[in-house]
Every structure is written in C-alpha cells, then in structure tokens.
Amino acid sequence: MRRVGIIGTGSYLPEKVLSNFDLEKTLDTSDEWISTRTGVRERRVANDAETASDLAKVACERALEAADMYPEEIDLIVMATITPDTHCPAGANWLEAKLEAVNAVSFDVTAACTGFIFALSVAEQYIKTGIYQNALVVATEVMTRTLDWTDRETCILWGDGAGAAVIKEVDADRGILSTHLHSDGAGGDTLLLPGGGSKTTPISHESVDKKLHTLNMIGANQSFRVAVRRFVESCEEALYYNDVTIDDIKVIIPHQANLRILQGMAKQLNVSMDKVYVNIEKYGNISSATVPIALDEAARDGTIQEGDLVLLTAFGGGLTWGSSLIKW
Ligand code: COA
C-alpha cells in the first residue's frame, strides 16, 4: 500500500471578532466566567454573506499554495462539516465549483467535531489504493448560525472557520502512520443539532418555538467527562499501535472544545500542556475545523518540523472520536 502524507495546509478565519466582553452586553455572563470555565476569550463570526464553502475555499487555496499545486490537479475533495451551505447539493459540491477544481469528485463526511479525522481517513484510503492521486481534505463550519443566542451555556462556546490539507502519496519514511476512528450512536442525544433533517422538516411554527433548529447541548456536563476519556483513549490507541510513547510525540493537536478538557487529557496522559497545541482562546469551538486550523498554525509557526511525530485527536457529536499519528 502507498504511504500518504500531508503536503500543504491552510486555514481561514472570518474577520469579525466577537469577544466575551461583546457577549456581556447581550447575555447574563462575564468574560471571567467564560474564560475560566472554557478558555475561550473571543471567537470569529462569518459575515451574513459567507457560507461554509466560502470559508473552505480560502483555506483550500492557502493549502494548495503551500503544496505548490493548482485546483485542477486535485481529483478528490472530502469536506467535513455539520453546517454545509445546503444538504443537497453537498457542501463539498459548492466548494468544488468555487475552487474550479474541474477534475475532482467531491462529497461530505459528517462526524461533527471529529469530522476532519474521519475525512482524512476516508481520503487516505482512496490514495493508498491508487484510486485517486491528490486530495483536498477540508473542514469548515459556520457554527454561529446554529446557535440559540439566549442559551448562555452553549452559545459562548462556538465560532466559525475552516482548515484544509492537501494529501498525496509520499515517501515511506513519513506521512500518516495510522488513523483510528470510533463512534457510539447510542450517545447521540448529548450533542444534538436536531434541525434540518427528516425528523424536523418541514419546519413549523412549533419546531421554531421549540428551537429545534439550534444546537442542543443538554448533556454538556456529561459530554465534558466523556470527552476527556475518549481523547485519552484515542491518543493511547495511536501510541500503542505504532509502538511509540508519549515522549516521542512532538505535539498533540486536539479538537479545541474546552481548555479544561485539554488539561484533563494532558493530566491523564501524564504530559505537560507545553506538548498540547492550544488556540481556543482566539477561536472557541469550531467543531470539525479546529484540528486542521490548529495543524495549519502549528505548521506555519514552526511548532512542527520535518520528521516530528504529530498526534491529532478529537471527540464530538455522534458520538464520534478518533486519532491520527503523522510523521511530518
Ligand atoms: N455565564 C455565566 N454563568 C453561566 C453561564 C455563562 N455563560 N453558563 C452557565 N452558567 C451558570 C449556570 O446557569 C449554572 O448556574 P447555577 O449553578 O446557578 O445553576 C452554573 O453557571 C454552572 O456552573 P458550573 O457547573 O461551574 O459550569 P461548568 O463547569 O459545568 O461549565 C460549561 C459549564 C458549559 C462551560 C461546560 O459544561 C462545558 O464546557 N461543556 C461543554 C463540553 C464540551 O465541550 N463537550 C465536547 C463538545 S465537542
């Protein structure tokens, strides 16, 4: 089987910044409460005209530039999102047209906050087996359009943005060493976006009154504890599978759900937070997009150097969780 690796990354964050102080003006909350409970200080908000595929387009263009490639060289686009422009066509189809990736086939993968790792794994299989050669894996979310802005426990957590990676066959001494995916549908109710599917369509006055079109985190506290456990398990699984230890890892790039979840993970893995890439203070939780955005930042700011072992891990709605170990 061919070895597959990431040869370029890119990301895009909308310009508009919404700080905790801004939220204080409309919600019974405070910067102090939000930052100590979650680590979030501000988040980005897409402007009214921006859709998930618009954010993805810029992230992909930056990833292509980093990879020194053109859109027409891409033959596969896999987009992770729970906030596509439309459910039909798929978000990836809109992106394909905007990028003018005329030789690509495109489709979406839905795995909430673990979406990028699922999408990466799907694209990797096609390249490993020789069916496609050059893939764009992109995660993009406009989470702020799913929120009930009066629900102070939920709306403070989320933001918008996109991250992308170009992947292709690489030399056998680098690339994606392994990817581990998990899901537990029985836990689906804890992180729920009920609206837009056959359960709540057609939209009615009743469904809007019940706010079924907004993100529901009834089990926020419960998911907090499960998230720590799943982050740790998926990291340990990748280490065990590749016969390496946590000391061999240069940086862990986790889904940015809550700073305290990441601290809980680091404690259980017995590593310093210096080894955990954190940017949640700037962007909040952008669901599937947090991992590739952090990966792009780490690649560009020099945190990751050639030959380093990079461990991606995520947990989210579904429930879904997973990890990927990459030799950069
Ligand atoms: N501002 C001020 N107070 C708030 C608030 C806000 N934005 N949101 C909730 N509160 C209040 C609650 O009403 C409650 O008040 P009460 O005790 O009078 O009933 C109190 O704060 C709850 O405080 P606490 O129990 O200390 O909060 P917490 O430590 O459970 O943190 C969350 C709450 C939402 C930050 C936390 O549960 C969380 O991060 N959940 C998300 C988990 C997650 O990210 N999962 C993975 C997703 S991929």
# chains A, B, ... in the order shown; residues from 1 in each chain; ligands from 1
>>> residues_near_ligand(ligand="ligand 1", cutoff="7 Å", atoms="only C-alpha atoms and all ligand atoms", output="list in words")
Asp28, Thr29, Ser30, Trp33, Ile34, Arg37, Thr38, Cys113, Arg152, Glu153, Thr154, Ile156, Ala220, Asn221, Ser223, Phe224, Ala227, Ala257, Asn258, Ser287, Phe315, Gly316 and Gly317 of chain A
>>> residues_around(residues="Asp184 (chain A)", least_positions_apart="4", cutoff="7 Å", atoms="only C-alpha atoms", output="PyMOL selection string")
chain A and resi 318-320
>>> write_last_selection(atoms="C-alpha atoms", output="mmCIF file, in the first residue's frame")
data_model
loop_
_atom_site.group_PDB
_atom_site.id
_atom_site.type_symbol
_atom_site.label_atom_id
_atom_site.label_comp_id
_atom_site.auth_asym_id
_atom_site.auth_seq_id
_atom_site.Cartn_x
_atom_site.Cartn_y
_atom_site.Cartn_z
ATOM 1 C CA GLY A 318 -22.371 11.247 17.120
ATOM 2 C CA LEU A 319 -20.795 10.390 19.415
ATOM 3 C CA THR A 320 -17.569 10.154 17.434
#
>>> closest_atom_pairs(of="region 125-238 of chain A", to="region 43-57 of chain A", cutoff="9 Å", atoms="only C-alpha atoms", output="Markdown table")
| residue | atom | partner | partner_atom | distance |
| --- | --- | --- | --- | --- |
| A:Val138 | CA | A:Ala56 | CA | 6.6 |
| A:Ala139 | CA | A:Ala56 | CA | 7.1 |
| A:Thr140 | CA | A:Ala52 | CA | 5.6 |
| A:Glu141 | CA | A:Ala52 | CA | 5.5 |
| A:Val142 | CA | A:Ala52 | CA | 5.8 |
| A:Met143 | CA | A:Val45 | CA | 8.5 |
| A:Thr144 | CA | A:Val45 | CA | 6.5 |
| A:Arg145 | CA | A:Ala46 | CA | 8.8 |
| A:Ile156 | CA | A:Arg43 | CA | 8.8 |
| A:Leu157 | CA | A:Arg43 | CA | 8.5 |
| A:Trp158 | CA | A:Arg43 | CA | 7.1 |
| A:Gly159 | CA | A:Arg43 | CA | 5.1 |
| A:Asp160 | CA | A:Val45 | CA | 5.5 |
| A:Gly161 | CA | A:Leu55 | CA | 6.3 |
| A:Ala162 | CA | A:Ala56 | CA | 5.3 |
| A:Gly163 | CA | A:Ala56 | CA | 6.9 |
| A:Ala164 | CA | A:Ala56 | CA | 7.4 |
>>> closest_atom_pairs(of="region 21-119 of chain A", to="region 194-209 of chain A", cutoff="12 Å", atoms="only C-alpha atoms", output="Markdown table")
| residue | atom | partner | partner_atom | distance |
| --- | --- | --- | --- | --- |
| A:Ile82 | CA | A:Gly196 | CA | 10.6 |
| A:Thr83 | CA | A:Gly196 | CA | 10.0 |
| A:Pro84 | CA | A:Gly196 | CA | 10.8 |
| A:Asp85 | CA | A:Gly196 | CA | 11.7 |
| A:Thr86 | CA | A:Gly196 | CA | 9.5 |
| A:His87 | CA | A:Gly196 | CA | 8.3 |
| A:Cys88 | CA | A:Gly196 | CA | 11.3 |
>>> write_last_selection(atoms="C-alpha atoms", output="compact mmCIF listing (two decimals), in the first residue's frame")
# COMPACT_ATOMS: atom_id res chain seq x y z
CA ILE A 82 -22.16 19.84 10.06
CA THR A 83 -23.05 23.25 8.65
CA PRO A 84 -22.94 22.78 4.85
CA ASP A 85 -24.30 25.56 2.61
CA THR A 86 -27.13 23.13 1.80
CA HIS A 87 -27.75 19.45 2.46
CA CYS A 88 -28.33 18.94 -1.27
>>> closest_residue(among="A:Gly185, A:Gly91, A:Gly8, A:Pro14", to="Ala67 (chain A)", atoms="only C-alpha atoms")
A:Gly8
>>> closest_residue(among="A:Ile127, A:Thr9, A:Lys267, A:Asp148", to="Lys210 (chain A)", atoms="only C-alpha atoms")
A:Asp148
>>> residues_around(residues="region 238-250 of chain A", least_positions_apart="4", cutoff="12 Å", atoms="only C-alpha atoms", output="ChimeraX atom specification")
/A:176-181,231-234,266,268-277,298,302-313,322-328
>>> write_last_selection(atoms="C-alpha atoms", output="compact mmCIF listing (two decimals), in the first residue's frame")
# COMPACT_ATOMS: atom_id res chain seq x y z
CA ILE A 176 0.09 9.28 8.08
CA LEU A 177 1.24 6.33 10.22
CA SER A 178 -2.24 5.32 11.39
CA THR A 179 -5.76 6.61 11.93
CA HIS A 180 -8.25 5.26 14.47
CA LEU A 181 -11.97 6.02 14.24
CA PHE A 231 -9.33 11.92 23.96
CA VAL A 232 -7.05 9.90 26.23
CA GLU A 233 -8.14 6.51 24.87
CA SER A 234 -7.66 7.57 21.26
CA ALA A 266 -2.85 16.15 29.44
CA GLN A 268 -4.27 11.66 32.34
CA LEU A 269 -1.65 11.23 29.60
CA ASN A 270 0.96 12.49 32.05
CA VAL A 271 2.27 15.20 29.72
CA SER A 272 2.87 18.91 30.17
CA MET A 273 0.44 21.32 28.49
CA ASP A 274 3.53 22.53 26.56
CA LYS A 275 3.02 19.45 24.38
CA VAL A 276 -0.64 20.30 23.68
CA TYR A 277 -1.38 22.84 20.93
CA ALA A 298 1.47 24.74 14.12
CA GLY A 302 7.43 26.36 13.42
CA THR A 303 5.93 24.18 16.18
CA ILE A 304 6.08 21.23 13.78
CA GLN A 305 9.31 20.46 11.93
CA GLU A 306 10.10 17.78 9.35
CA GLY A 307 10.36 14.37 10.98
CA ASP A 308 8.28 15.29 14.06
CA LEU A 309 5.54 12.96 15.29
CA VAL A 310 2.22 14.82 15.42
CA LEU A 311 -0.78 13.31 17.17
CA LEU A 312 -4.26 14.51 16.14
CA THR A 313 -7.19 13.67 18.38
CA GLY A 322 -10.55 9.24 16.94
CA SER A 323 -6.88 9.96 16.42
CA SER A 324 -4.24 10.05 13.74
CA LEU A 325 -0.47 9.79 14.13
CA ILE A 326 1.52 11.63 11.46
CA LYS A 327 5.24 11.78 10.81
CA TRP A 328 5.71 15.30 9.42
>>> select_by_dssp(residues="region 209-266 of chain A", states="helix (DSSP H, G or I)", output="PyMOL selection string")
chain A and resi 209+220-242+246-248+259-266
>>> closest_residue(among="A:Trp149, A:Ala97, A:Glu73, A:Ser183", to="Thr26 (chain A)", atoms="only C-alpha atoms")
A:Trp149
>>> closest_residue(among="A:Arg3, A:Glu65, A:Ala101, A:Ala299", to="Val170 (chain A)", atoms="only C-alpha atoms")
A:Arg3
>>> atom_distance(atom1="CA of Gly175 (chain A)", atom2="CA of Leu76 (chain A)")
18.2 Å
>>> select_by_dssp(residues="region 93-209 of chain A", states="strand (DSSP E)", output="PyMOL selection string")
chain A and resi 105-109+134-142+160-169+175-183
>>> closest_residue(among="A:Ile286, A:Ile252, A:Ile280, A:Ile74", to="Glu61 (chain A)", atoms="only C-alpha atoms")
A:Ile74
>>> closest_residue(among="A:Met69, A:Cys60, A:Val137, A:Leu191", to="Phe118 (chain A)", atoms="only C-alpha atoms")
A:Val137
>>> residues_around(residues="Arg41 (chain A)", least_positions_apart="2", cutoff="7 Å", atoms="only C-alpha atoms", output="CSV table (one decimal) with N, CA, C and O atoms, in the first residue's frame")
chain,number,residue,atom,x,y,z
A,19,SER,N,-16.0,39.1,21.1
A,19,SER,CA,-15.2,38.9,22.3
A,19,SER,C,-16.2,38.5,23.4
A,19,SER,O,-17.4,38.8,23.3
A,20,ASN,N,-15.7,38.0,24.5
A,20,ASN,CA,-16.5,37.7,25.7
A,20,ASN,C,-17.2,39.0,26.2
A,20,ASN,O,-18.3,39.0,26.7
A,35,SER,N,-14.0,32.7,30.4
A,35,SER,CA,-12.6,32.3,30.2
A,35,SER,C,-12.1,31.3,31.2
A,35,SER,O,-11.3,30.4,30.9
A,39,GLY,N,-11.8,28.6,28.6
A,39,GLY,CA,-10.5,29.0,28.0
A,39,GLY,C,-10.8,30.0,26.8
A,39,GLY,O,-9.9,30.6,26.2
A,281,GLU,N,-8.5,30.1,22.9
A,281,GLU,CA,-8.7,31.5,23.4
A,281,GLU,C,-9.1,32.4,22.3
A,281,GLU,O,-9.9,33.3,22.5
A,282,LYS,N,-8.6,32.1,21.0
A,282,LYS,CA,-8.8,33.0,19.9
A,282,LYS,C,-10.1,32.7,19.1
A,282,LYS,O,-10.7,33.6,18.5
